[in-house]
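S.K.: One file is attached below, my_file-v1.pdb, containing PDB, C-alpha atoms, pLDDT in the B column.
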ATOM      1  CA  MET Q 124     146.013  80.893 147.577  1.00 97.00           C
ATOM      2  CA  ARG Q 125     142.580  79.563 146.762  1.00 98.00           C
ATOM      3  CA  ILE Q 126     139.327  81.044 145.492  1.00 98.00           C
ATOM      4  CA  ARG Q 127     135.812  80.197 146.636  1.00 98.00           C
ATOM      5  CA  VAL Q 128     132.744  81.340 144.697  1.00 98.00           C
ATOM      6  CA  ASP Q 129     129.419  81.198 146.531  1.00 98.00           C
ATOM      7  CA  LEU Q 130     126.567  81.227 144.012  1.00 98.00           C
ATOM      8  CA  ALA Q 131     123.857  81.741 146.646  1.00 97.00           C
ATOM      9  CA  VAL Q 132     125.279  85.081 147.787  1.00 97.00           C
ATOM     10  CA  GLN Q 133     127.100  86.054 144.556  1.00 98.00           C
ATOM     11  CA  CYS Q 134     130.446  86.393 146.305  1.00 98.00           C
ATOM     12  CA  LEU Q 135     134.031  85.475 145.400  1.00 98.00           C
ATOM     13  CA  SER Q 136     136.495  85.112 148.273  1.00 98.00           C
ATOM     14  CA  LEU Q 137     140.276  84.843 147.990  1.00 98.00           C
ATOM     15  CA  PHE Q 138     142.055  82.964 150.747  1.00 98.00           C
ATOM     16  CA  GLY Q 139     145.760  83.143 151.482  1.00 97.00           C
ATOM     17  CA  ASP Q 140     148.027  80.171 152.117  1.00 95.00           C
ATOM     18  CA  ASP Q 141     147.275  80.453 155.847  1.00 96.00           C
ATOM     19  CA  GLY Q 142     143.526  80.014 155.184  1.00 95.00           C
ATOM     20  CA  ALA Q 143     142.609  83.607 156.031  1.00 97.00           C
ATOM     21  CA  CYS Q 144     140.262  85.479 153.703  1.00 98.00           C
ATOM     22  CA  ILE Q 145     142.283  88.316 152.193  1.00 97.00           C
ATOM     23  CA  ARG Q 146     139.788  89.661 149.622  1.00 98.00           C
ATOM     24  CA  ARG Q 147     136.048  89.410 149.079  1.00 98.00           C
ATOM     25  CA  TYR Q 148     134.250  90.608 145.969  1.00 98.00           C
ATOM     26  CA  VAL Q 149     130.601  90.806 144.926  1.00 98.00           C
ATOM     27  CA  VAL Q 150     130.212  89.035 141.562  1.00 98.00           C
ATOM     28  CA  SER Q 151     127.554  88.087 139.021  1.00 98.00           C
ATOM     29  CA  THR Q 152     127.178  84.453 137.976  1.00 98.00           C
ATOM     30  CA  ALA Q 153     124.760  82.733 135.580  1.00 97.00           C
ATOM     31  CA  ALA Q 154     121.233  84.032 135.167  1.00 96.00           C
ATOM     32  CA  LYS Q 155     120.183  80.398 134.593  1.00 97.00           C
ATOM     33  CA  GLY Q 156     121.716  79.213 137.868  1.00 97.00           C
ATOM     34  CA  ALA Q 157     124.099  76.355 138.524  1.00 97.00           C
ATOM     35  CA  GLY Q 158     124.753  73.545 136.076  1.00 97.00           C
ATOM     36  CA  GLU Q 159     127.481  71.814 134.180  1.00 97.00           C
ATOM     37  CA  GLN Q 160     126.028  70.839 130.780  1.00 96.00           C
ATOM     38  CA  ASN Q 161     127.482  72.333 127.616  1.00 96.00           C
ATOM     39  CA  GLY Q 162     125.071  74.903 126.182  1.00 95.00           C
ATOM     40  CA  SER Q 163     123.198  75.362 129.466  1.00 97.00           C
ATOM     41  CA  GLU Q 164     124.520  78.897 130.127  1.00 96.00           C
ATOM     42  CA  CYS Q 165     124.808  77.834 133.784  1.00 98.00           C
ATOM     43  CA  THR Q 166     127.754  78.322 136.136  1.00 98.00           C
ATOM     44  CA  PRO Q 167     129.471  74.979 136.798  1.00 98.00           C
ATOM     45  CA  ARG Q 168     129.928  73.790 140.367  1.00 98.00           C
ATOM     46  CA  GLY Q 169     132.758  71.943 142.028  1.00 98.00           C
ATOM     47  CA  ARG Q 170     136.535  72.035 142.062  1.00 98.00           C
ATOM     48  CA  HIS Q 171     138.309  73.983 139.332  1.00 98.00           C
ATOM     49  CA  ARG Q 172     141.733  75.503 138.741  1.00 98.00           C
ATOM     50  CA  ILE Q 173     142.846  78.609 136.910  1.00 98.00           C
ATOM     51  CA  ARG Q 174     144.076  77.136 133.635  1.00 98.00           C
ATOM     52  CA  ALA Q 175     145.289  80.389 132.068  1.00 98.00           C
ATOM     53  CA  LYS Q 176     145.578  84.098 132.785  1.00 98.00           C
ATOM     54  CA  ILE Q 177     144.846  86.295 129.769  1.00 98.00           C
ATOM     55  CA  GLY Q 178     145.250  90.049 129.346  1.00 97.00           C
ATOM     56  CA  ALA Q 179     148.162  90.872 131.660  1.00 96.00           C
ATOM     57  CA  ASN Q 180     149.118  94.092 129.889  1.00 94.00           C
ATOM     58  CA  ALA Q 181     145.721  95.117 128.544  1.00 97.00           C
ATOM     59  CA  PRO Q 182     144.222  98.444 129.648  1.00 97.00           C
ATOM     60  CA  ARG Q 183     141.287  98.539 132.021  1.00 96.00           C
ATOM     61  CA  GLY Q 184     138.149  97.945 129.970  1.00 96.00           C
ATOM     62  CA  ALA Q 185     139.975  96.189 127.109  1.00 97.00           C
ATOM     63  CA  VAL Q 186     137.456  94.201 125.050  1.00 97.00           C
ATOM     64  CA  PHE Q 187     138.168  90.507 124.414  1.00 97.00           C
ATOM     65  CA  ARG Q 188     136.605  88.204 121.827  1.00 93.00           C
ATOM     66  CA  GLY Q 189     137.712  84.599 121.694  1.00 93.00           C
ATOM     67  CA  ARG Q 190     140.259  85.401 124.423  1.00 95.00           C
ATOM     68  CA  ARG Q 191     141.986  87.932 122.163  1.00 95.00           C
ATOM     69  CA  PRO Q 192     141.981  91.704 122.683  1.00 95.00           C
ATOM     70  CA  THR Q 193     140.065  93.478 119.914  1.00 95.00           C
ATOM     71  CA  GLY Q 194     141.892  96.783 120.398  1.00 94.00           C
ATOM     72  CA  GLU Q 195     138.655  98.334 121.662  1.00 94.00           C
ATOM     73  CA  VAL Q 196     138.161  99.761 125.145  1.00 95.00           C
ATOM     74  CA  TRP Q 197     134.748  99.624 126.789  1.00 94.00           C
ATOM     75  CA  SER Q 198     132.912 102.820 127.681  1.00 93.00           C
ATOM     76  CA  MET Q 199     129.241 103.604 128.266  1.00 89.00           C
ATOM     77  CA  GLN Q 200     129.055 105.138 124.766  1.00 92.00           C
ATOM     78  CA  PHE Q 201     130.835 102.148 123.194  1.00 90.00           C
ATOM     79  CA  ALA Q 202     128.358  99.807 124.910  1.00 89.00           C
ATOM     80  CA  ALA Q 203     125.423 101.903 123.685  1.00 90.00           C
ATOM     81  CA  ASP Q 204     126.802 101.696 120.143  1.00 91.00           C
ATOM     82  CA  HIS Q 205     127.061  97.865 120.413  1.00 87.00           C
ATOM     83  CA  PRO Q 206     123.906  96.697 122.210  1.00 85.00           C
ATOM     84  CA  GLY Q 207     123.437  93.054 123.113  1.00 80.00           C
ATOM     85  CA  ARG Q 208     127.098  92.127 123.423  1.00 83.00           C
ATOM     86  CA  ASP Q 209     128.182  89.944 126.350  1.00 84.00           C
ATOM     87  CA  TRP Q 210     131.247  91.899 127.449  1.00 91.00           C
ATOM     88  CA  VAL Q 211     134.464  90.098 128.427  1.00 97.00           C
ATOM     89  CA  LEU Q 212     136.685  92.921 129.649  1.00 97.00           C
ATOM     90  CA  SER Q 213     140.050  93.765 131.233  1.00 97.00           C
ATOM     91  CA  ARG Q 214     141.275  90.312 132.350  1.00 98.00           C
ATOM     92  CA  ILE Q 215     140.365  86.647 131.907  1.00 98.00           C
ATOM     93  CA  LEU Q 216     141.014  83.828 134.369  1.00 98.00           C
ATOM     94  CA  TRP Q 217     140.117  80.713 132.337  1.00 98.00           C
ATOM     95  CA  LEU Q 218     138.887  77.837 134.495  1.00 98.00           C
ATOM     96  CA  CYS Q 219     139.261  74.096 134.001  1.00 98.00           C
ATOM     97  CA  GLY Q 220     137.297  71.525 135.947  1.00 98.00           C
ATOM     98  CA  GLU Q 221     139.040  69.071 138.269  1.00 98.00           C
ATOM     99  CA  GLU Q 222     136.248  66.507 138.640  1.00 97.00           C
ATOM    100  CA  PRO Q 223     135.895  64.031 135.732  1.00 97.00           C
ATOM    101  CA  GLY Q 224     132.245  63.521 134.847  1.00 96.00           C
ATOM    102  CA  ARG Q 225     131.133  66.528 136.871  1.00 97.00           C
ATOM    103  CA  ASN Q 226     132.976  69.509 135.353  1.00 97.00           C
ATOM    104  CA  ARG Q 227     135.746  67.877 133.317  1.00 97.00           C
ATOM    105  CA  GLY Q 228     135.429  65.890 130.105  1.00 97.00           C
ATOM    106  CA  GLY Q 229     132.562  65.136 127.770  1.00 96.00           C
ATOM    107  CA  SER Q 230     129.549  67.442 127.773  1.00 96.00           C
ATOM    108  CA  VAL Q 231     130.372  68.929 131.193  1.00 97.00           C
ATOM    109  CA  ASP Q 232     133.890  70.267 130.553  1.00 97.00           C
ATOM    110  CA  SER Q 233     134.210  73.767 132.047  1.00 98.00           C
ATOM    111  CA  MET Q 234     137.257  74.639 129.970  1.00 97.00           C
ATOM    112  CA  ARG Q 235     135.605  73.630 126.688  1.00 97.00           C
ATOM    113  CA  ARG Q 236     132.588  75.676 127.804  1.00 97.00           C
ATOM    114  CA  TYR Q 237     134.904  78.713 128.097  1.00 97.00           C
ATOM    115  CA  ILE Q 238     134.055  79.390 131.718  1.00 98.00           C
ATOM    116  CA  TYR Q 239     135.994  82.430 132.940  1.00 98.00           C
ATOM    117  CA  ILE Q 240     136.300  84.863 135.768  1.00 98.00           C
ATOM    118  CA  HIS Q 241     136.343  88.150 133.835  1.00 98.00           C
ATOM    119  CA  GLY Q 242     135.574  91.842 133.922  1.00 98.00           C
ATOM    120  CA  THR Q 243     132.293  93.301 132.682  1.00 96.00           C
ATOM    121  CA  GLY Q 244     130.831  96.699 131.891  1.00 93.00           C
ATOM    122  CA  ASP Q 245     130.647  99.248 134.677  1.00 89.00           C
ATOM    123  CA  ASP Q 246     126.916  99.541 134.026  1.00 89.00           C
ATOM    124  CA  GLN Q 247     126.285  95.888 134.933  1.00 92.00           C
ATOM    125  CA  PRO Q 248     124.969  95.147 138.423  1.00 94.00           C
ATOM    126  CA  MET Q 249     126.914  92.901 140.776  1.00 97.00           C
ATOM    127  CA  GLY Q 250     125.290  90.616 143.327  1.00 97.00           C
ATOM    128  CA  VAL Q 251     122.667  89.609 140.763  1.00 96.00           C
ATOM    129  CA  PRO Q 252     122.956  86.480 138.580  1.00 97.00           C
ATOM    130  CA  LEU Q 253     123.072  87.806 134.993  1.00 95.00           C
ATOM    131  CA  SER Q 254     125.917  86.068 133.140  1.00 96.00           C
ATOM    132  CA  HIS Q 255     125.856  83.329 130.498  1.00 95.00           C
ATOM    133  CA  GLY Q 256     127.789  80.977 132.822  1.00 96.00           C
ATOM    134  CA  CYS Q 257     130.948  82.911 133.656  1.00 98.00           C
ATOM    135  CA  ILE Q 258     131.785  84.743 136.863  1.00 98.00           C
ATOM    136  CA  ARG Q 259     131.676  88.485 136.175  1.00 98.00           C
ATOM    137  CA  MET Q 260     133.525  91.065 138.251  1.00 98.00           C
ATOM    138  CA  ARG Q 261     134.094  94.804 138.264  1.00 97.00           C
ATOM    139  CA  ASN Q 262     137.073  95.640 136.040  1.00 97.00           C
ATOM    140  CA  ARG Q 263     139.283  97.114 138.756  1.00 97.00           C
ATOM    141  CA  GLU Q 264     138.525  94.124 141.000  1.00 98.00           C
ATOM    142  CA  VAL Q 265     139.258  91.452 138.385  1.00 98.00           C
ATOM    143  CA  MET Q 266     142.535  93.259 137.647  1.00 98.00           C
ATOM    144  CA  GLU Q 267     143.402  93.170 141.355  1.00 98.00           C
ATOM    145  CA  LEU Q 268     142.520  89.464 141.631  1.00 98.00           C
ATOM    146  CA  PHE Q 269     144.473  88.705 138.431  1.00 98.00           C
ATOM    147  CA  ALA Q 270     147.604  90.247 139.977  1.00 98.00           C
ATOM    148  CA  LEU Q 271     147.251  88.147 143.150  1.00 98.00           C
ATOM    149  CA  VAL Q 272     146.720  84.656 141.710  1.00 98.00           C
ATOM    150  CA  ALA Q 273     148.727  82.291 139.525  1.00 98.00           C
ATOM    151  CA  PRO Q 274     147.798  79.616 137.011  1.00 98.00           C
ATOM    152  CA  GLY Q 275     146.931  76.492 138.967  1.00 98.00           C
ATOM    153  CA  THR Q 276     145.175  78.378 141.776  1.00 98.00           C
ATOM    154  CA  PRO Q 277     142.284  76.208 143.061  1.00 98.00           C
ATOM    155  CA  VAL Q 278     138.770  77.593 142.541  1.00 98.00           C
ATOM    156  CA  GLU Q 279     135.796  76.035 144.364  1.00 98.00           C
ATOM    157  CA  ILE Q 280     132.333  76.962 143.064  1.00 98.00           C
ATOM    158  CA  HIS Q 281     129.385  76.009 145.247  1.00 96.00           C
ATOM    159  CA  GLU Q 282     125.715  76.817 145.801  1.00 91.00           C
TER
END
Would you mind writing the file's structure down as structure tokens?

M.R.:
Amino acid sequence: MRIRVDLAVQCLSLFGDDGACIRRYVVSTAAKGAGEQNGSECTPRGRHRIRAKIGANAPRGAVFRGRRPTGEVWSMQFAADHPGRDWVLSRILWLCGEEPGRNRGGSVDSMRRYIYIHGTGDDQPMGVPLSHGCIRMRNREVMELFALVAPGTPVEIHE
């Protein structure tokens, strides 16, 4: 398995071991575009791997803070009661960069930047760059992807 994220078309594709595309999802990446610098709120490019899978038994819409479930479950009313939050929901696939100096180490380290593939609120549009650097997905879709991939799965992010 391998994942390819295309920033230009806001699409995540999952490829099987035979190279065939087996899933394609519309996603939302960084509102500020592509970039690797810490604090940039940009989506990092290049070769990555899934470092960790978080939230295996959490319910759909489970709210995470600091990679820990809060015990809350997202709903439209819950979101309205907590405006301005950047929702990390349902599942987290934590990415680490594979290219020293580009997305690994120093001020460009994707893992230290907490770059994830994660679920977001059902009210958030997909296909439009709106995140703070992560790759956002619909909750049911990130749960499906989570079930299909393993830690170590390669992730290529390109413009």

S.K.: At a cut-off of 6 Å, using only C-alpha atoms, what residues contact segment 199-213 of chain Q? Leave out same-chain residues fewer than 3 positions from it and give the result as a short mmCIF file (atom, residue, chain, number, x, y, z; two decimals) with C-alpha atoms, in the frame of the given file.

M.R.:
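Saved the output as selection.cif:
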data_model
loop_
_atom_site.label_atom_id
_atom_site.label_comp_id
_atom_site.auth_asym_id
_atom_site.auth_seq_id
_atom_site.Cartn_x
_atom_site.Cartn_y
_atom_site.Cartn_z
CA ARG Q 183 141.29 98.54 132.02
CA GLY Q 184 138.15 97.94 129.97
CA ALA Q 185 139.98 96.19 127.11
CA VAL Q 186 137.46 94.20 125.05
CA PHE Q 187 138.17 90.51 124.41
CA GLY Q 242 135.57 91.84 133.92
CA THR Q 243 132.29 93.30 132.68
CA ASN Q 262 137.07 95.64 136.04
#

S.K.: Compile the contact shell of segment 265-277 of chain Q as a list in words: residues with an atom at most 7 Å away, counting only C-alpha atoms, same-chain residues fewer than 5 positions apart removed.

M.R.: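 Contacts, with the query itself left out: Met124, Arg125, Ile126, His171, Arg172, Ile173, Arg174, Ala175, Lys176, Ser213, Arg214, His241, Gly242 and Met260 of chain Q.
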
S.K.: Keeping C-alpha atoms, export the residues of the selection given above as a PDB file, in the frame of the given file.

M.R.:
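For reference, part12.pdb as written:
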ATOM      1  CA  MET Q 124     146.013  80.893 147.577  1.00 97.00           C
ATOM      2  CA  ARG Q 125     142.580  79.563 146.762  1.00 98.00           C
ATOM      3  CA  ILE Q 126     139.327  81.044 145.492  1.00 98.00           C
ATOM      4  CA  HIS Q 171     138.309  73.983 139.332  1.00 98.00           C
ATOM      5  CA  ARG Q 172     141.733  75.503 138.741  1.00 98.00           C
ATOM      6  CA  ILE Q 173     142.846  78.609 136.910  1.00 98.00           C
ATOM      7  CA  ARG Q 174     144.076  77.136 133.635  1.00 98.00           C
ATOM      8  CA  ALA Q 175     145.289  80.389 132.068  1.00 98.00           C
ATOM      9  CA  LYS Q 176     145.578  84.098 132.785  1.00 98.00           C
ATOM     10  CA  SER Q 213     140.050  93.765 131.233  1.00 97.00           C
ATOM     11  CA  ARG Q 214     141.275  90.312 132.350  1.00 98.00           C
ATOM     12  CA  HIS Q 241     136.343  88.150 133.835  1.00 98.00           C
ATOM     13  CA  GLY Q 242     135.574  91.842 133.922  1.00 98.00           C
ATOM     14  CA  MET Q 260     133.525  91.065 138.251  1.00 98.00           C
TER      15      MET Q 260
END

S.K.: Could you check the closest approach to Pro223 of chain Q for each of Q:Gly156, Q:Ala143, Q:Arg170, Q:Leu137 and tell me which residue wins, using all atoms listed in the file?

M.R.: Q:Arg170

S.K.: Written as a VMD selection string, what is the full residue list that the PyMOL selection byres ((chain Q and resi 127-130) around 9) yields on the file shown?

M.R.: chain Q and resid 125 to 126 131 to 138 150 to 153 156 to 157 166 168 252 258 277 to 282

S.K.: Using all atoms listed in the file, which of Q:Asn180, Q:Arg147, Q:Pro167, Q:Asp140 sits nearest Glu221 of chain Q?

M.R.: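 Selected residue with least distance to Glu221 of chain Q: Q:Pro167.
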
S.K.: Out of Q:Ser230, Q:Glu159, Q:Ile240, Q:Ile145, which residue has the shortest atom-to-atom distance to Ile177 of chain Q when counting only C-alpha atoms?

M.R.: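 Checking each candidate against Ile177 of chain Q, we get Q:Ile240 as the closest.
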